[in-house]
file work-v1.cif (mmCIF, C-alpha atoms and all ligand atoms)
data_target
loop_
_atom_site.label_atom_id
_atom_site.label_comp_id
_atom_site.auth_asym_id
_atom_site.auth_seq_id
_atom_site.Cartn_x
_atom_site.Cartn_y
_atom_site.Cartn_z
CA MET A 1 -3.60 14.35 22.16
CA THR A 2 -1.20 15.25 19.35
CA ARG A 3 -2.02 17.77 16.63
CA VAL A 4 -0.69 16.50 13.31
CA ILE A 5 -0.88 17.56 9.66
CA GLY A 6 -1.06 14.82 7.00
CA LEU A 7 -0.10 15.74 3.43
CA ILE A 8 -0.28 13.73 0.21
CA SER A 9 -0.55 14.25 -3.51
CA GLY A 10 -1.55 10.99 -5.13
CA THR A 11 -1.28 9.44 -8.56
CA SER A 12 -3.95 11.75 -10.03
CA VAL A 13 -1.52 14.65 -9.44
CA ASP A 14 -4.54 16.92 -8.97
CA GLY A 15 -3.23 18.70 -5.89
CA ILE A 16 -2.13 18.35 -2.30
CA ASP A 17 -4.64 16.89 0.16
CA ALA A 18 -4.00 18.31 3.61
CA ALA A 19 -5.64 17.15 6.84
CA LEU A 20 -5.19 18.76 10.24
CA VAL A 21 -6.07 16.17 12.87
CA GLU A 22 -5.94 15.51 16.58
CA ILE A 23 -4.75 11.99 17.35
CA SER A 24 -4.81 9.96 20.55
CA GLY A 25 -4.45 6.29 21.46
CA LYS A 26 -2.24 3.76 19.72
CA GLU A 27 -3.68 1.04 17.48
CA VAL A 28 -6.99 -0.60 18.51
CA ASP A 29 -7.76 2.48 20.60
CA LEU A 30 -6.60 4.95 17.92
CA LYS A 31 -8.79 8.06 17.75
CA VAL A 32 -8.54 10.71 15.04
CA GLU A 33 -10.52 13.93 14.88
CA LEU A 34 -10.42 15.85 11.61
CA LEU A 35 -10.16 19.57 12.43
CA ALA A 36 -9.67 20.75 8.85
CA GLY A 37 -9.23 19.20 5.41
CA SER A 38 -8.51 20.93 2.13
CA THR A 39 -7.08 20.25 -1.33
CA TYR A 40 -4.56 22.75 -2.67
CA PRO A 41 -4.21 22.41 -6.46
CA TYR A 42 -0.69 22.54 -7.89
CA PRO A 43 0.13 25.55 -10.09
CA PRO A 44 -0.69 24.23 -13.61
CA SER A 45 2.92 24.40 -14.85
CA LEU A 46 4.21 22.40 -11.87
CA ARG A 47 1.45 19.82 -12.37
CA GLN A 48 2.43 19.46 -16.02
CA GLN A 49 6.12 19.05 -15.10
CA ILE A 50 5.21 16.29 -12.63
CA LEU A 51 2.97 14.52 -15.16
CA ASP A 52 5.76 14.73 -17.77
CA VAL A 53 8.31 13.21 -15.38
CA CYS A 54 5.84 10.48 -14.37
CA ALA A 55 5.36 9.71 -18.06
CA GLY A 56 9.12 9.20 -18.46
CA LYS A 57 10.41 12.62 -19.59
CA ALA A 58 14.18 12.86 -19.03
CA ILE A 59 15.38 15.78 -16.89
CA SER A 60 18.83 16.82 -15.61
CA MET A 61 19.82 16.32 -11.97
CA ALA A 62 19.65 20.10 -11.48
CA GLU A 63 16.07 20.12 -12.79
CA PHE A 64 15.33 17.11 -10.57
CA ALA A 65 16.53 19.03 -7.48
CA GLU A 66 14.45 22.05 -8.48
CA LEU A 67 11.37 19.90 -8.96
CA ASP A 68 11.90 18.18 -5.58
CA ASP A 69 12.10 21.57 -3.85
CA ALA A 70 9.22 23.13 -5.82
CA ILE A 71 7.02 20.26 -4.62
CA ALA A 72 8.30 20.60 -1.03
CA TYR A 73 7.54 24.32 -1.20
CA GLU A 74 3.91 23.65 -2.24
CA PHE A 75 3.55 21.01 0.49
CA ALA A 76 4.91 23.45 3.11
CA ALA A 77 2.51 26.17 1.86
CA SER A 78 -0.39 23.69 2.20
CA ALA A 79 0.68 22.90 5.77
CA GLN A 80 0.73 26.63 6.57
CA ALA A 81 -2.67 27.21 4.93
CA ILE A 82 -4.45 24.35 6.72
CA GLN A 83 -3.39 25.77 10.11
CA VAL A 84 -5.01 29.19 9.56
CA ASN A 85 -7.59 29.73 12.35
CA HIS A 86 -6.25 26.71 14.28
CA ASN A 87 -3.55 26.16 16.87
CA ASN A 88 -0.26 25.13 15.29
CA ALA A 89 0.46 21.47 14.63
CA GLN A 90 3.23 19.63 16.49
CA LEU A 91 4.09 17.25 13.67
CA ILE A 92 3.73 16.82 9.90
CA GLY A 93 3.48 13.51 8.04
CA SER A 94 4.22 14.19 4.39
CA HIS A 95 3.86 11.43 1.81
CA GLY A 96 5.16 13.67 -0.97
CA GLN A 97 4.50 13.15 -4.67
CA THR A 98 5.12 9.73 -6.20
CA VAL A 99 6.97 10.21 -9.49
CA PHE A 100 8.13 6.62 -9.96
CA HIS A 101 7.07 3.24 -8.60
CA ARG A 102 8.62 -0.07 -9.63
CA PRO A 103 6.78 -2.98 -8.04
CA LEU A 104 8.70 -5.94 -6.68
CA LYS A 105 7.52 -8.30 -9.37
CA GLN A 106 9.12 -6.09 -12.07
CA GLN A 107 12.86 -6.45 -11.81
CA SER A 108 15.20 -3.77 -13.10
CA PRO A 109 16.23 -4.71 -16.66
CA ALA A 110 19.70 -3.25 -16.00
CA SER A 111 20.23 -5.19 -12.76
CA PRO A 112 18.28 -8.45 -12.95
CA ALA A 113 19.85 -9.62 -9.68
CA ILE A 114 18.11 -6.84 -7.74
CA ASN A 115 14.90 -8.11 -6.23
CA MET A 116 13.72 -5.03 -4.40
CA ALA A 117 10.91 -2.62 -5.24
CA TYR A 118 11.73 1.04 -5.93
CA SER A 119 9.45 3.95 -5.12
CA LEU A 120 10.31 7.63 -5.34
CA GLN A 121 8.35 10.43 -3.67
CA LEU A 122 9.45 14.04 -4.20
CA GLY A 123 9.01 17.04 -1.88
CA ARG A 124 11.84 16.56 0.59
CA GLY A 125 10.83 16.49 4.23
CA ALA A 126 13.90 18.42 5.35
CA LEU A 127 12.76 21.47 3.37
CA ILE A 128 9.17 21.17 4.62
CA ALA A 129 10.47 21.10 8.22
CA ASP A 130 12.68 24.11 7.50
CA LEU A 131 9.90 26.15 5.88
CA THR A 132 7.17 25.29 8.43
CA HIS A 133 9.33 25.02 11.58
CA ILE A 134 7.45 21.80 12.34
CA PRO A 135 9.13 18.37 12.71
CA THR A 136 8.30 16.46 9.53
CA VAL A 137 8.23 12.73 8.87
CA SER A 138 8.56 11.77 5.19
CA ASN A 139 9.80 8.92 2.93
CA PHE A 140 7.33 6.43 4.35
CA ARG A 141 7.73 3.72 1.73
CA VAL A 142 11.47 2.98 1.98
CA ALA A 143 11.44 1.02 5.27
CA ASP A 144 8.80 -1.36 3.94
CA ILE A 145 10.75 -1.77 0.70
CA ALA A 146 13.94 -2.44 2.69
CA ALA A 147 11.99 -5.18 4.50
CA GLY A 148 11.25 -6.81 1.14
CA GLY A 149 7.83 -5.21 0.56
CA GLU A 150 6.25 -3.37 -2.36
CA GLY A 151 6.24 -0.13 -0.32
CA ALA A 152 2.48 0.07 -1.04
CA PRO A 153 -0.31 0.08 -0.11
CA LEU A 154 0.43 1.52 3.35
CA VAL A 155 -3.07 2.67 4.29
CA PRO A 156 -4.58 -0.75 5.27
CA LYS A 157 -3.34 -0.69 8.87
CA ILE A 158 -4.88 2.74 9.44
CA ASP A 159 -8.08 1.51 7.76
CA ALA A 160 -8.13 -1.47 10.13
CA CYS A 161 -7.75 0.78 13.19
CA LEU A 162 -10.35 3.34 12.09
CA LEU A 163 -12.84 1.31 10.09
CA GLY A 164 -12.78 -2.27 11.43
CA HIS A 165 -16.29 -3.40 12.44
CA PRO A 166 -17.18 -5.97 15.13
CA SER A 167 -19.64 -7.97 13.05
CA LYS A 168 -19.31 -6.81 9.43
CA THR A 169 -16.53 -7.76 7.04
CA ARG A 170 -15.58 -4.64 5.11
CA CYS A 171 -13.62 -3.76 2.00
CA ILE A 172 -12.28 -0.22 2.11
CA GLN A 173 -11.87 0.65 -1.56
CA ASN A 174 -9.87 3.72 -2.50
CA ILE A 175 -10.47 4.95 -6.04
CA GLY A 176 -7.79 7.56 -6.60
CA GLY A 177 -5.58 7.59 -9.67
CA ILE A 178 -4.98 3.92 -8.85
CA GLY A 179 -7.46 1.72 -6.96
CA ASN A 180 -6.51 -0.10 -3.78
CA VAL A 181 -8.40 -2.21 -1.27
CA ALA A 182 -8.06 -3.03 2.42
CA TYR A 183 -9.94 -6.18 3.42
CA LEU A 184 -11.06 -6.02 7.04
CA PRO A 185 -12.63 -9.19 8.48
CA ALA A 186 -15.20 -8.58 11.25
CA THR A 187 -13.11 -7.90 14.36
CA ASN A 188 -15.19 -10.30 16.54
CA ASN A 189 -14.63 -13.18 14.17
CA SER A 190 -11.08 -12.99 12.89
CA GLU A 191 -9.34 -16.02 14.45
CA ASN A 192 -7.81 -17.29 11.26
CA VAL A 193 -8.61 -14.54 8.84
CA ASN A 194 -6.05 -11.86 8.24
CA ILE A 195 -6.42 -8.29 7.14
CA SER A 196 -5.08 -7.94 3.61
CA GLY A 197 -4.79 -5.32 0.91
CA TRP A 198 -3.43 -4.60 -2.56
CA ASP A 199 -3.71 -2.28 -5.56
CA THR A 200 -6.72 -3.41 -7.59
CA GLY A 201 -5.59 -1.63 -10.80
CA PRO A 202 -6.69 1.59 -12.47
CA GLY A 203 -8.83 4.05 -10.53
CA ASN A 204 -9.24 7.34 -12.43
CA THR A 205 -5.92 7.63 -14.30
CA LEU A 206 -7.19 6.21 -17.61
CA LEU A 207 -10.52 8.03 -17.35
CA ASP A 208 -8.85 11.38 -16.64
CA LEU A 209 -6.43 10.98 -19.55
CA ALA A 210 -9.24 9.92 -21.89
CA VAL A 211 -11.45 12.85 -20.85
CA GLN A 212 -8.59 15.26 -21.56
CA GLN A 213 -7.97 13.71 -24.96
CA LEU A 214 -11.65 13.50 -25.94
CA SER A 215 -12.40 17.08 -24.78
CA ASP A 216 -9.25 18.50 -26.47
CA GLY A 217 -7.95 19.54 -23.06
CA SER A 218 -11.03 21.50 -22.00
CA GLN A 219 -11.91 19.02 -19.20
CA THR A 220 -9.59 17.17 -16.81
CA TYR A 221 -12.05 14.61 -15.40
CA ASP A 222 -15.58 13.28 -15.86
CA LYS A 223 -17.43 15.21 -13.16
CA ASP A 224 -19.83 12.88 -11.31
CA GLY A 225 -19.42 10.44 -14.24
CA ASN A 226 -21.98 12.49 -16.18
CA TRP A 227 -20.31 12.00 -19.58
CA ALA A 228 -19.76 8.24 -19.18
CA ALA A 229 -23.35 7.86 -17.94
CA THR A 230 -24.62 8.81 -21.42
CA GLY A 231 -22.68 5.92 -22.98
CA THR A 232 -22.79 2.12 -22.84
CA PRO A 233 -19.84 0.00 -21.72
CA CYS A 234 -18.44 -2.47 -24.25
CA ASP A 235 -18.36 -5.74 -22.28
CA ALA A 236 -16.27 -7.60 -24.86
CA LEU A 237 -13.42 -5.08 -24.41
CA VAL A 238 -13.65 -5.13 -20.63
CA GLN A 239 -13.51 -8.94 -20.60
CA GLN A 240 -10.51 -8.84 -22.98
CA TRP A 241 -8.65 -6.33 -20.77
CA LEU A 242 -9.41 -8.32 -17.61
CA THR A 243 -7.34 -11.23 -18.94
CA GLN A 244 -4.20 -9.06 -18.73
CA GLU A 245 -1.35 -10.10 -16.46
CA TYR A 246 -1.75 -7.50 -13.67
CA PHE A 247 -5.28 -8.64 -12.90
CA GLN A 248 -4.13 -12.27 -12.54
CA ILE A 249 -1.20 -11.63 -10.15
CA THR A 250 -1.91 -12.96 -6.67
CA PRO A 251 -1.71 -10.24 -3.98
CA PRO A 252 0.16 -8.58 -2.41
CA LYS A 253 0.75 -6.40 -5.45
CA SER A 254 1.06 -2.72 -6.31
CA THR A 255 1.06 -0.61 -9.44
CA GLY A 256 1.11 2.98 -10.67
CA ARG A 257 0.91 5.38 -13.59
CA GLU A 258 3.95 3.62 -15.10
CA HIS A 259 1.59 0.76 -15.98
CA PHE A 260 -1.91 2.29 -16.03
CA GLY A 261 -0.94 5.56 -17.73
CA GLY A 262 -0.77 7.19 -21.16
CA GLU A 263 0.67 4.24 -23.10
CA TYR A 264 -1.86 1.87 -21.57
CA LEU A 265 -4.68 4.23 -22.60
CA GLN A 266 -3.39 4.40 -26.19
CA GLN A 267 -3.46 0.57 -26.30
CA CYS A 268 -7.04 0.63 -24.96
CA LEU A 269 -8.02 3.09 -27.70
CA ALA A 270 -6.34 0.90 -30.32
CA ASP A 271 -8.20 -2.17 -28.97
CA ALA A 272 -11.45 -0.21 -29.20
CA ASP A 273 -10.94 0.44 -32.93
CA GLY A 274 -13.53 -1.51 -34.86
CA TYR A 275 -16.13 -1.48 -32.06
CA ASN A 276 -17.51 1.82 -33.33
CA LEU A 277 -17.67 3.36 -29.84
CA SER A 278 -18.72 6.98 -29.26
CA PRO A 279 -16.62 9.09 -26.83
CA ALA A 280 -19.28 8.46 -24.15
CA ASP A 281 -19.16 4.68 -24.82
CA LEU A 282 -15.37 4.78 -24.47
CA LEU A 283 -15.58 6.55 -21.12
CA ALA A 284 -18.27 4.13 -19.94
CA THR A 285 -15.99 1.24 -20.98
CA LEU A 286 -12.97 2.65 -19.13
CA THR A 287 -15.16 3.27 -16.06
CA GLU A 288 -16.33 -0.35 -16.35
CA LEU A 289 -12.70 -1.54 -16.40
CA THR A 290 -12.13 0.13 -13.01
CA VAL A 291 -15.35 -1.42 -11.68
CA ALA A 292 -14.73 -4.87 -13.17
CA SER A 293 -11.10 -4.99 -11.98
CA ILE A 294 -12.29 -4.30 -8.42
CA VAL A 295 -14.99 -6.98 -8.51
CA HIS A 296 -12.73 -9.51 -10.29
CA SER A 297 -10.09 -8.91 -7.65
CA TYR A 298 -12.51 -9.52 -4.76
CA ARG A 299 -13.97 -12.67 -6.35
CA ASN A 300 -10.54 -14.13 -7.09
CA PHE A 301 -8.44 -13.14 -4.11
CA LEU A 302 -10.63 -12.64 -1.03
CA PRO A 303 -11.35 -15.52 1.36
CA GLN A 304 -15.00 -14.39 1.29
CA MET A 305 -16.96 -11.51 -0.20
CA PRO A 306 -17.41 -8.57 2.22
CA ASP A 307 -20.67 -7.52 3.84
CA GLU A 308 -20.08 -3.98 2.64
CA VAL A 309 -17.76 -1.92 0.48
CA LEU A 310 -16.82 1.55 1.72
CA LEU A 311 -15.47 3.82 -1.03
CA CYS A 312 -13.03 6.68 -0.64
CA GLY A 313 -10.87 8.84 -2.90
CA GLY A 314 -12.06 11.07 -5.74
CA GLY A 315 -13.67 8.13 -7.58
CA SER A 316 -16.17 7.79 -4.73
CA ARG A 317 -17.66 11.08 -6.07
CA ASN A 318 -18.20 9.55 -9.51
CA LEU A 319 -21.89 8.66 -9.25
CA TYR A 320 -21.93 6.61 -12.45
CA LEU A 321 -18.93 4.54 -11.29
CA LYS A 322 -20.54 3.98 -7.90
CA GLN A 323 -23.80 2.92 -9.51
CA ARG A 324 -21.98 0.46 -11.85
CA LEU A 325 -20.05 -1.00 -8.90
CA GLN A 326 -23.30 -1.43 -6.96
CA ALA A 327 -24.86 -3.19 -9.98
CA GLN A 328 -21.88 -5.55 -10.38
CA ILE A 329 -21.55 -6.45 -6.69
CA ASP A 330 -25.23 -6.57 -5.65
CA PRO A 331 -26.54 -7.34 -2.99
CA ILE A 332 -23.41 -6.13 -1.12
CA SER A 333 -23.89 -2.48 -0.07
CA VAL A 334 -21.61 0.13 -1.63
CA LEU A 335 -21.26 3.11 0.71
CA THR A 336 -18.53 5.69 1.34
CA THR A 337 -16.21 5.89 4.35
CA ASP A 338 -17.99 9.16 5.24
CA GLU A 339 -20.91 6.98 6.28
CA ALA A 340 -18.62 5.16 8.73
CA GLY A 341 -17.22 8.41 10.16
CA VAL A 342 -13.98 8.80 8.17
CA SER A 343 -13.72 11.46 5.46
CA ALA A 344 -13.63 9.84 2.00
CA ASP A 345 -11.79 12.87 0.60
CA PHE A 346 -9.10 13.13 3.28
CA LYS A 347 -8.57 9.55 4.46
CA GLU A 348 -5.18 9.24 2.73
CA ALA A 349 -3.97 12.54 4.19
CA ILE A 350 -5.25 11.43 7.61
CA ALA A 351 -3.36 8.14 7.16
CA PHE A 352 -0.01 9.90 6.71
CA ALA A 353 -0.68 12.01 9.81
CA VAL A 354 -1.24 8.74 11.72
CA LEU A 355 1.89 7.15 10.24
CA ALA A 356 3.97 10.16 11.39
CA TYR A 357 2.39 9.88 14.86
CA TRP A 358 3.16 6.14 14.96
CA HIS A 359 6.74 6.88 13.87
CA GLN A 360 7.10 9.08 16.96
CA LEU A 361 5.62 6.35 19.19
CA GLY A 362 7.76 3.61 17.61
CA ILE A 363 4.68 1.79 16.26
CA THR A 364 4.97 -0.12 12.98
CA GLY A 365 2.83 1.13 10.07
CA ASN A 366 2.79 -1.58 7.40
CA ILE A 367 0.70 -4.73 7.18
CA ILE A 368 2.89 -7.46 5.72
CA GLN A 369 -0.03 -9.18 3.99
CA ALA A 370 -0.66 -5.91 2.11
CA THR A 371 2.88 -5.00 1.08
CA GLY A 372 4.59 -8.39 1.12
CA ALA A 373 7.30 -7.19 3.52
CA ARG A 374 9.05 -9.85 5.60
CA GLN A 375 8.39 -7.93 8.80
CA PRO A 376 6.48 -4.94 10.11
CA ALA A 377 8.52 -1.73 10.12
CA ILE A 378 8.41 1.71 11.67
CA LEU A 379 7.80 3.88 8.63
CA GLY A 380 9.24 7.28 7.76
CA GLU A 381 12.25 9.48 8.36
CA LEU A 382 12.10 12.36 10.82
CA HIS A 383 13.41 15.83 9.87
CA LEU A 384 13.74 18.38 12.65
CA PRO A 385 13.62 22.11 11.93
CA ILE A 386 16.71 24.09 12.88
CA GLU A 387 15.66 26.73 15.43
N1 LIG B 1 -17.05 14.78 -8.53
C1 LIG B 1 -16.26 13.89 -9.13
N2 LIG B 1 -16.74 13.12 -10.13
C2 LIG B 1 -15.97 12.22 -10.78
N3 LIG B 1 -14.67 12.03 -10.51
C3 LIG B 1 -14.13 12.76 -9.53
C4 LIG B 1 -14.88 13.72 -8.78
N4 LIG B 1 -14.05 14.29 -7.88
C5 LIG B 1 -12.84 13.72 -8.05
N5 LIG B 1 -12.88 12.80 -9.04
C6 LIG B 1 -11.78 11.97 -9.57
O1 LIG B 1 -10.89 11.69 -8.53
C7 LIG B 1 -9.55 11.97 -8.93
C8 LIG B 1 -8.75 12.39 -7.74
O2 LIG B 1 -8.86 11.39 -6.76
P1 LIG B 1 -7.87 11.34 -5.54
O3 LIG B 1 -7.51 12.72 -5.12
O4 LIG B 1 -8.46 10.41 -4.55
O5 LIG B 1 -6.63 10.66 -6.26
P2 LIG B 1 -5.14 10.55 -5.76
O6 LIG B 1 -5.12 10.65 -4.27
O7 LIG B 1 -4.35 11.51 -6.56
O8 LIG B 1 -4.75 9.08 -6.22
P3 LIG B 1 -4.15 7.80 -5.40
O9 LIG B 1 -5.15 7.45 -4.33
O10 LIG B 1 -4.04 6.78 -6.47
O11 LIG B 1 -2.84 8.21 -4.88
C9 LIG B 1 -9.68 13.05 -9.99
O12 LIG B 1 -8.57 13.03 -10.85
C10 LIG B 1 -10.98 12.66 -10.66
O13 LIG B 1 -10.75 11.72 -11.67
C1 LIG B 2 3.57 4.24 -4.93
C2 LIG B 2 2.33 4.97 -4.60
O1 LIG B 2 2.34 6.16 -4.41
N1 LIG B 2 1.22 4.23 -4.50
C3 LIG B 2 -0.08 4.79 -4.14
C4 LIG B 2 -1.01 4.75 -5.35
O2 LIG B 2 -2.25 5.37 -5.04
C5 LIG B 2 -3.17 4.36 -4.60
C6 LIG B 2 -2.33 3.13 -4.60
O3 LIG B 2 -1.38 3.41 -5.63
C7 LIG B 2 -1.58 2.92 -3.26
O4 LIG B 2 -0.84 1.74 -3.35
C8 LIG B 2 -0.60 4.06 -2.93
O5 LIG B 2 -1.14 5.02 -2.07
C9 LIG B 2 -1.79 4.82 -0.85
C10 LIG B 2 -1.81 6.10 -0.13
C11 LIG B 2 -1.20 3.71 0.04
O6 LIG B 2 0.02 3.56 0.12
O7 LIG B 2 -1.99 3.04 0.72
#

call {"tool": "encode", "arguments": {"input": "work-v1.cif", "output": "structure tokens"}}
result
Amino acid sequence: MTRVIGLISGTSVDGIDAALVEISGKEVDLKVELLAGSTYPYPPSLRQQILDVCAGKAISMAEFAELDDAIAYEFAASAQAIQVNHNNAQLIGSHGQTVFHRPLKQQSPASPAINMAYSLQLGRGALIADLTHIPTVSNFRVADIAAGGEGAPLVPKIDACLLGHPSKTRCIQNIGGIGNVAYLPATNNSENVNISGWDTGPGNTLLDLAVQQLSDGSQTYDKDGNWAATGTPCDALVQQWLTQEYFQITPPKSTGREHFGGEYLQQCLADADGYNLSPADLLATLTELTVASIVHSYRNFLPQMPDEVLLCGGGSRNLYLKQRLQAQIDPISVLTTDEAGVSADFKEAIAFAVLAYWHQLGITGNIIQATGARQPAILGELHLPIE
């Protein structure tokens, strides 16, 4: 039994999800018990700095170093806080904060000969290890990228170990800032059918940005989908948006705020001009884009539709979104991973605890059908505290 802390702040940049877990077993026999889970919001000024950098704001190298360390400091504080009233952890797996992600299929304009993805997570593991006195594994995406992969999504192998079902084919659908799916064929019937996964497109990024704009900054997200629920989605717009390139790319594929961010939202708002949509209609339409991109993705890229969809991530709390997904995918059941025994709020944090644990055991963490890597790789870099 190893006691591990998993830490991640995702593309919503809403705060650090921390999970304190006890892990045993290896892969098929992997067992994870969640002892504590909590989200620690960033101080507002740090959050704004991160969002600005993600949106392309130029900063000096000195400011970059300060930002890296300010994030590491918050991650270390979250690791300390989650251990209060518990025995200390032996290991930390810290994803860090993604501030830039360039998928494989988007070459660098400056170096067209480079055919390798680029993904940058801040909050250096060495400082987290130093501040917490706990060995810390970080930089999980680089080994997959070095093996020719997108570096994302990394969660599907953990999903397969924790949520595979003997007789039901499942889609584990995360709806964070970005949406991503892990397709898990029934484990008793998987001779020729592989696990797969990819980023389905926007999760909450566009919705969150639109809510902030439409509420003049007084709200940061559409709680429970209550605002969107009073509107009506504009199907013509959703169908128009679904023809865009990202939704046609065959998986494996990944994306981020660089694509589904502020500029993308402004284009959506421009496209909506002339449809005479109320703010609630606009939010319903953006919610429908998330829903439709998920369903379109399943219909186009899965070998068969799943028996059930298990939601996780903050979007699983958006009741309107969940209801729209159920309506679009009927009669397939839409549940949450909570109902299958894995916390929908802390599954990503749990996943990075497992990846750190696997790093220590020399077990590979990526699924090549999900990232496109040429081979499985042991993920992460270990930083030991100096005693
Ligand atoms: N009760 C709720 N109702 C509606 N939306 C919610 C609710 N709770 C959280 N959310 C949405 O979930 C988002 C946060 O989700 P989550 O923490 O899973 O994202 P993330 O981990 O940052 O993203 P990613 O998985 O892409 O890395 C919030 O920004 C908000 O839009
Ligand atoms: C580069 C990056 O941070 N990608 C995230 C993001 O958020 C959701 C989706 O896009 C997923 O691909 C990934 O995170 C999860 C944890 C993953 O790697 O599985």

call {"tool": "closest_residue", "arguments": {"input": "work-v1.cif", "among": "A:Phe301, A:Phe260, A:Tyr275, A:Phe140", "to": "ligand LIG 1 (chain B)", "atoms": "all atoms listed in the file"}}
result
A:Phe260

call {"tool": "residues_near_ligand", "arguments": {"input": "work-v1.cif", "ligand": "ligand LIG 1 (chain B)", "cutoff": "7 Å", "atoms": "all atoms listed in the file", "output": "list of chain:residue names"}}
result
A:Ser9, A:Gly10, A:Thr11, A:Ser12, A:Val13, A:Asp14, A:Asn174, A:Ile175, A:Gly176, A:Gly177, A:Ile178, A:Gly179, A:Gly203, A:Asn204, A:Thr205, A:Leu207, A:Asp208, A:Tyr221, A:Asp222, A:Lys223, A:Asp224, A:Gly225, A:Gly313, A:Gly314, A:Gly315, A:Arg317, A:Asn318, A:Leu319, A:Asp345

call {"tool": "closest_residue", "arguments": {"input": "work-v1.cif", "among": "A:Glu263, A:Asp68, A:Glu348, A:Glu288", "to": "ligand LIG 2 (chain B)", "atoms": "only C-alpha atoms and all ligand atoms"}}
result
A:Glu348

call {"tool": "closest_residue", "arguments": {"input": "work-v1.cif", "among": "A:Ala349, A:Leu325, A:Leu120, A:Leu154", "to": "ligand LIG 2 (chain B)", "atoms": "only C-alpha atoms and all ligand atoms"}}
result
A:Leu154

call {"tool": "residues_around", "arguments": {"input": "work-v1.cif", "residues": "region 211-215 of chain A", "least_positions_apart": "4", "cutoff": "12 Å", "atoms": "all atoms listed in the file", "output": "list of chain:residue names"}}
result
A:Asn204, A:Thr205, A:Leu206, A:Leu207, A:Gln219, A:Thr220, A:Tyr221, A:Asp222, A:Lys223, A:Gly225, A:Asn226, A:Trp227, A:Ala228, A:Gly262, A:Leu265, A:Gln266, A:Leu269, A:Ser278, A:Pro279, A:Ala280, A:Asp281, A:Leu282, A:Leu283, A:Ala284, A:Leu286, A:Thr287

call {"tool": "residues_near_ligand", "arguments": {"input": "work-v1.cif", "ligand": "ligand LIG 2 (chain B)", "cutoff": "9 Å", "atoms": "only C-alpha atoms and all ligand atoms", "output": "PyMOL selection string"}}
result
chain A and resi 8-12+95-103+118-121+140-141+150-156+174-182+197-203+253-257+347-349+351-352+371

call {"tool": "atom_distance", "arguments": {"input": "work-v1.cif", "atom1": "CA of Ala70 (chain A)", "atom2": "CA of Glu387 (chain A)"}}
result
22.5 Å

call {"tool": "atom_distance", "arguments": {"input": "work-v1.cif", "atom1": "CA of Leu355 (chain A)", "atom2": "CA of Val334 (chain A)"}}
result
27.2 Å

call {"tool": "atom_distance", "arguments": {"input": "work-v1.cif", "atom1": "CA of His165 (chain A)", "atom2": "CA of Leu289 (chain A)"}}
result
29.1 Å

call {"tool": "closest_residue", "arguments": {"input": "work-v1.cif", "among": "A:Glu33, A:Glu381, A:Glu27, A:Asp273", "to": "Gly341 (chain A)", "atoms": "all atoms listed in the file"}}
result
A:Glu33
